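Data first, discussion second: the structure below is written as structure tokens.
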Amino acid sequence: MEENNIYRIQMNDKEIVLVGTAHVSRNSAELVKRIVEQEQPDSVCIELDEQRYKSIKDKDKWRNTDIVQIIKEKKAGFMLTNIILSNYQRKIAEQFDIQAGQEMIQGIQSAEELQANIVMADRKIQTTFTRLWRKVSLWGKIKLISSIMYSLIDDEEITEEDLERMKTEDMLSSALTELSKSFPTLKTYLVDERDQYLAAKIKEAPGKKVVAILGAAHVPGVQEELFKEQDLEELDSIPEKTLASKIGGWILPGLILVMIGLTFTVDTSMAWSQVLRFILWVGSLAALGTFLAGGHVLSAVASFVMAPLSAIHPLLATGWFAGLMEAHIRKPKVEDFERLSKDLYTLKGFWKNKVTRILLVVAFSNIGCTIGIWISGLNIVTSFFDLFF
């Protein structure tokens, strides 16, 4: 049964009420409040995971953020991506002077007032991104990164009517169909798998009446998945890296070292010249990436010094050292985190905020190092073949 984005499903003795929302629509927040009060459910399922739920509840979340630990745990790229995607949603919400995700917050508040069970029904966002990244092709990664970066400069405005139309099934089905054609892997992990996960969590929710607050994109899939079996353990797992991906990072550095070593047996002068060019290309481009990110001169020095070592040892990353140096010299303060919402509104602010600048230093120094490896590697290969063949 469907009525104004409300979908009622009877499963044995349990009634499930799905509420389709737009994450930046004031009308959606009002709809959630009305439905929860009207239905008086035993449980309210929210399209959030535990981590995002805690960040909403924790008013001092920024004070507890350890940027150094994030870099050490190799989560800098994930945090940067999350900030950019959150900013895209925030820009839309700001058009209508509302809080992004307000309907989820309203669902939590209404459930607390009713003393209903609150169920965090979504999968961890890091699990979703990691599964996607492990499975998507190189071209897919490039498209994904390009789309994320484009969201920084996209200033197209949408109307309240556009937001409401986003919640209709016809428009939604059409959008998902187009998405599956152009980028099927992305849809699999961002939409399809989460539909399965959400459905499983909703079915597990205690009580005979459950209200589930979902983004409109998930409603059709969840409706279908509710009548299927899901494997939560598999959906929550992180795929092992393939053998090719495990050894792939060692192949080019290994070839470079072998060719330089063989060159030493024939022409010592040329071999030292190759070593010098390798160090200069890799170190200089890593340092240039750090500068482009707005990094401190000492962070650029760290990039230059550590890039050649990182280039021949894939388990190390130039960005770690550059990012840690940047965090040490320009340690973010609480106000830098609190100012993110304003600074992210412009590219200038994005580059100047100490939090995002550290994350950009990590990313750009790594990119510079990678480009340097390929350029110097091509140069070494050319010299090697000229000498031996």
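By convention in this document, the chains of the structure tokens carry letters A, B, ... by their order, each chain's residues are numbered from 1, and ligands are numbered from 1 in the order they are shown.
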(request) Write out as a list in words which residues come within 8 Å of A:Leu360 when counting only C-alpha atoms, dropping same-chain ones fewer than 4 positions away. (result) Leu80, Thr290, Ala293, Trp351, Thr356 and Phe364 of chain A
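For A:Leu18, the set of protein, DNA and RNA residues having any atom at most 8 Å away, when counting only C-alpha atoms and skipping those fewer than 3 positions along the same chain, is A:Ile6, A:Tyr7, A:Arg8, A:Ile9, A:Val211, A:Ala212, A:Ile213, A:Leu214, A:Val219.
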Preceding selection exported with C-alpha atoms as a CSV table (one decimal), in the first residue's frame:
chain,number,residue,atom,x,y,z
A,6,ILE,CA,4.5,5.9,2.8
A,7,TYR,CA,4.7,2.1,2.1
A,8,ARG,CA,2.9,-0.4,4.3
A,9,ILE,CA,4.1,-4.0,4.2
A,211,VAL,CA,8.7,2.4,11.0
A,212,ALA,CA,11.8,2.6,8.8
A,213,ILE,CA,13.1,6.1,7.7
A,214,LEU,CA,14.8,5.6,4.3
A,219,VAL,CA,12.6,2.2,-0.9
Taking the backbone alone, and naming residues the way the document does, which bits of stretch 162-384 of chain A are strand (DSSP E) by DSSP, as an mmCIF file with C-alpha atoms, in the first residue's frame?
data_model
loop_
_atom_site.group_PDB
_atom_site.id
_atom_site.type_symbol
_atom_site.label_atom_id
_atom_site.label_comp_id
_atom_site.auth_asym_id
_atom_site.auth_seq_id
_atom_site.Cartn_x
_atom_site.Cartn_y
_atom_site.Cartn_z
ATOM 1 C CA LYS A 209 5.116 -2.479 14.230
ATOM 2 C CA VAL A 210 8.259 -0.996 12.704
ATOM 3 C CA VAL A 211 8.707 2.392 11.029
ATOM 4 C CA ALA A 212 11.773 2.635 8.763
ATOM 5 C CA ILE A 213 13.089 6.051 7.673
ATOM 6 C CA LEU A 214 14.838 5.591 4.323
ATOM 7 C CA GLY A 215 16.207 7.750 1.553
#
(message) Residues near A:Ile371, anyone? I mean within 9 Å using only C-alpha atoms, not counting same-chain ones fewer than 2 positions away, as a ChimeraX atom specification.
(response) /A:281-282,285-286,366-369,373-376
For the residues selected in the previous step, produce a file with N, CA and C atoms as a PDB file, in the first residue's frame.
ATOM      1  N   TRP A 281      62.784  12.982 -10.026  1.00  0.00           N
ATOM      2  CA  TRP A 281      61.416  12.949 -10.547  1.00  0.00           C
ATOM      3  C   TRP A 281      60.410  12.617  -9.446  1.00  0.00           C
ATOM      4  N   VAL A 282      60.680  11.541  -8.734  1.00  0.00           N
ATOM      5  CA  VAL A 282      59.738  11.085  -7.711  1.00  0.00           C
ATOM      6  C   VAL A 282      59.645  12.098  -6.570  1.00  0.00           C
ATOM      7  N   LEU A 285      58.068  15.666  -7.783  1.00  0.00           N
ATOM      8  CA  LEU A 285      56.628  15.661  -8.049  1.00  0.00           C
ATOM      9  C   LEU A 285      55.820  15.430  -6.775  1.00  0.00           C
ATOM     10  N   ALA A 286      56.363  14.647  -5.842  1.00  0.00           N
ATOM     11  CA  ALA A 286      55.687  14.479  -4.553  1.00  0.00           C
ATOM     12  C   ALA A 286      55.679  15.804  -3.795  1.00  0.00           C
ATOM     13  N   ASN A 366      50.902  11.729  -2.530  1.00  0.00           N
ATOM     14  CA  ASN A 366      50.854  10.357  -3.057  1.00  0.00           C
ATOM     15  C   ASN A 366      50.683  10.348  -4.571  1.00  0.00           C
ATOM     16  N   ILE A 367      49.793  11.223  -5.058  1.00  0.00           N
ATOM     17  CA  ILE A 367      49.574  11.307  -6.512  1.00  0.00           C
ATOM     18  C   ILE A 367      50.847  11.747  -7.220  1.00  0.00           C
ATOM     19  N   GLY A 368      51.523  12.772  -6.656  1.00  0.00           N
ATOM     20  CA  GLY A 368      52.771  13.249  -7.250  1.00  0.00           C
ATOM     21  C   GLY A 368      53.828  12.166  -7.295  1.00  0.00           C
ATOM     22  N   CYS A 369      53.925  11.401  -6.207  1.00  0.00           N
ATOM     23  CA  CYS A 369      54.891  10.301  -6.154  1.00  0.00           C
ATOM     24  C   CYS A 369      54.586   9.253  -7.221  1.00  0.00           C
ATOM     25  N   ILE A 373      56.950   8.091 -10.350  1.00  0.00           N
ATOM     26  CA  ILE A 373      57.387   6.709 -10.576  1.00  0.00           C
ATOM     27  C   ILE A 373      57.227   6.329 -12.045  1.00  0.00           C
ATOM     28  N   TRP A 374      56.076   6.680 -12.613  1.00  0.00           N
ATOM     29  CA  TRP A 374      55.820   6.305 -14.002  1.00  0.00           C
ATOM     30  C   TRP A 374      56.723   7.069 -14.978  1.00  0.00           C
ATOM     31  N   ILE A 375      56.928   8.365 -14.724  1.00  0.00           N
ATOM     32  CA  ILE A 375      57.784   9.141 -15.621  1.00  0.00           C
ATOM     33  C   ILE A 375      59.229   8.656 -15.542  1.00  0.00           C
ATOM     34  N   SER A 376      59.755   8.528 -14.327  1.00  0.00           N
ATOM     35  CA  SER A 376      61.141   8.075 -14.167  1.00  0.00           C
ATOM     36  C   SER A 376      61.292   6.635 -14.641  1.00  0.00           C
TER      37      SER A 376
END
(message) Taking 6 positions as the minimum chain separation for residues in the same chain, which residues sit within 9 Å of A:Ile71 when counting only C-alpha atoms? Answer as a PyMOL selection string.
(response) chain A and resi 77+319-320+323-324+359+362
A:Lys201: which residues within 8 Å, counting only C-alpha atoms, same-chain residues fewer than 3 positions away excluded, as a PDB file with N, CA, C and O atoms, in the first residue's frame?
ATOM      1  N   VAL A 119      16.845   1.571  15.875  1.00  0.00           N
ATOM      2  CA  VAL A 119      17.674   0.591  15.179  1.00  0.00           C
ATOM      3  C   VAL A 119      18.500   1.294  14.108  1.00  0.00           C
ATOM      4  O   VAL A 119      17.946   1.929  13.207  1.00  0.00           O
ATOM      5  N   ALA A 121      20.117   0.951  11.028  1.00  0.00           N
ATOM      6  CA  ALA A 121      19.888  -0.109  10.046  1.00  0.00           C
ATOM      7  C   ALA A 121      20.853  -0.102   8.865  1.00  0.00           C
ATOM      8  O   ALA A 121      20.835  -1.021   8.049  1.00  0.00           O
ATOM      9  N   ASP A 122      21.707   0.917   8.768  1.00  0.00           N
ATOM     10  CA  ASP A 122      22.572   1.013   7.594  1.00  0.00           C
ATOM     11  C   ASP A 122      23.930   0.366   7.865  1.00  0.00           C
ATOM     12  O   ASP A 122      24.356   0.226   9.010  1.00  0.00           O
ATOM     13  N   TYR A 197      21.068  -4.965   3.092  1.00  0.00           N
ATOM     14  CA  TYR A 197      21.446  -4.776   4.491  1.00  0.00           C
ATOM     15  C   TYR A 197      20.320  -4.113   5.273  1.00  0.00           C
ATOM     16  O   TYR A 197      19.953  -4.554   6.377  1.00  0.00           O
ATOM     17  N   LEU A 198      19.766  -3.053   4.710  1.00  0.00           N
ATOM     18  CA  LEU A 198      18.667  -2.340   5.369  1.00  0.00           C
ATOM     19  C   LEU A 198      17.471  -3.255   5.581  1.00  0.00           C
ATOM     20  O   LEU A 198      16.851  -3.261   6.650  1.00  0.00           O
ATOM     21  N   GLU A 204      14.756  -7.618  11.390  1.00  0.00           N
ATOM     22  CA  GLU A 204      15.229  -8.015  12.724  1.00  0.00           C
ATOM     23  C   GLU A 204      14.752  -7.074  13.829  1.00  0.00           C
ATOM     24  O   GLU A 204      14.869  -7.398  15.011  1.00  0.00           O
ATOM     25  N   ALA A 205      14.239  -5.902  13.455  1.00  0.00           N
ATOM     26  CA  ALA A 205      13.832  -4.906  14.456  1.00  0.00           C
ATOM     27  C   ALA A 205      12.758  -5.490  15.375  1.00  0.00           C
ATOM     28  O   ALA A 205      11.804  -6.129  14.910  1.00  0.00           O
TER      29      ALA A 205
END
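Counting only C-alpha atoms and comparing A:Val44, A:Trp250, A:Ile83, A:Ile105, the residue that lies closest to A:Glu30 is A:Ile105.
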(message) I'd like the interatomic distance between atom CA of A:Leu276 and atom CA of A:Thr318, to a tenth of an Å.
(response) 18.3 Å
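Residue nearest A:Lys135, chosen from A:Thr268, A:Gln38, A:Thr263, A:Thr188 and counting only C-alpha atoms: A:Thr188.
If only C-alpha atoms are the atoms counted, then among A:Asp336, A:Val361, A:Glu240, A:Pro253 the closest residue to A:Leu288 is A:Val361.
Take atom CA of A:Gln10 and atom CA of A:Phe227: the distance between them is 10.5 Å.
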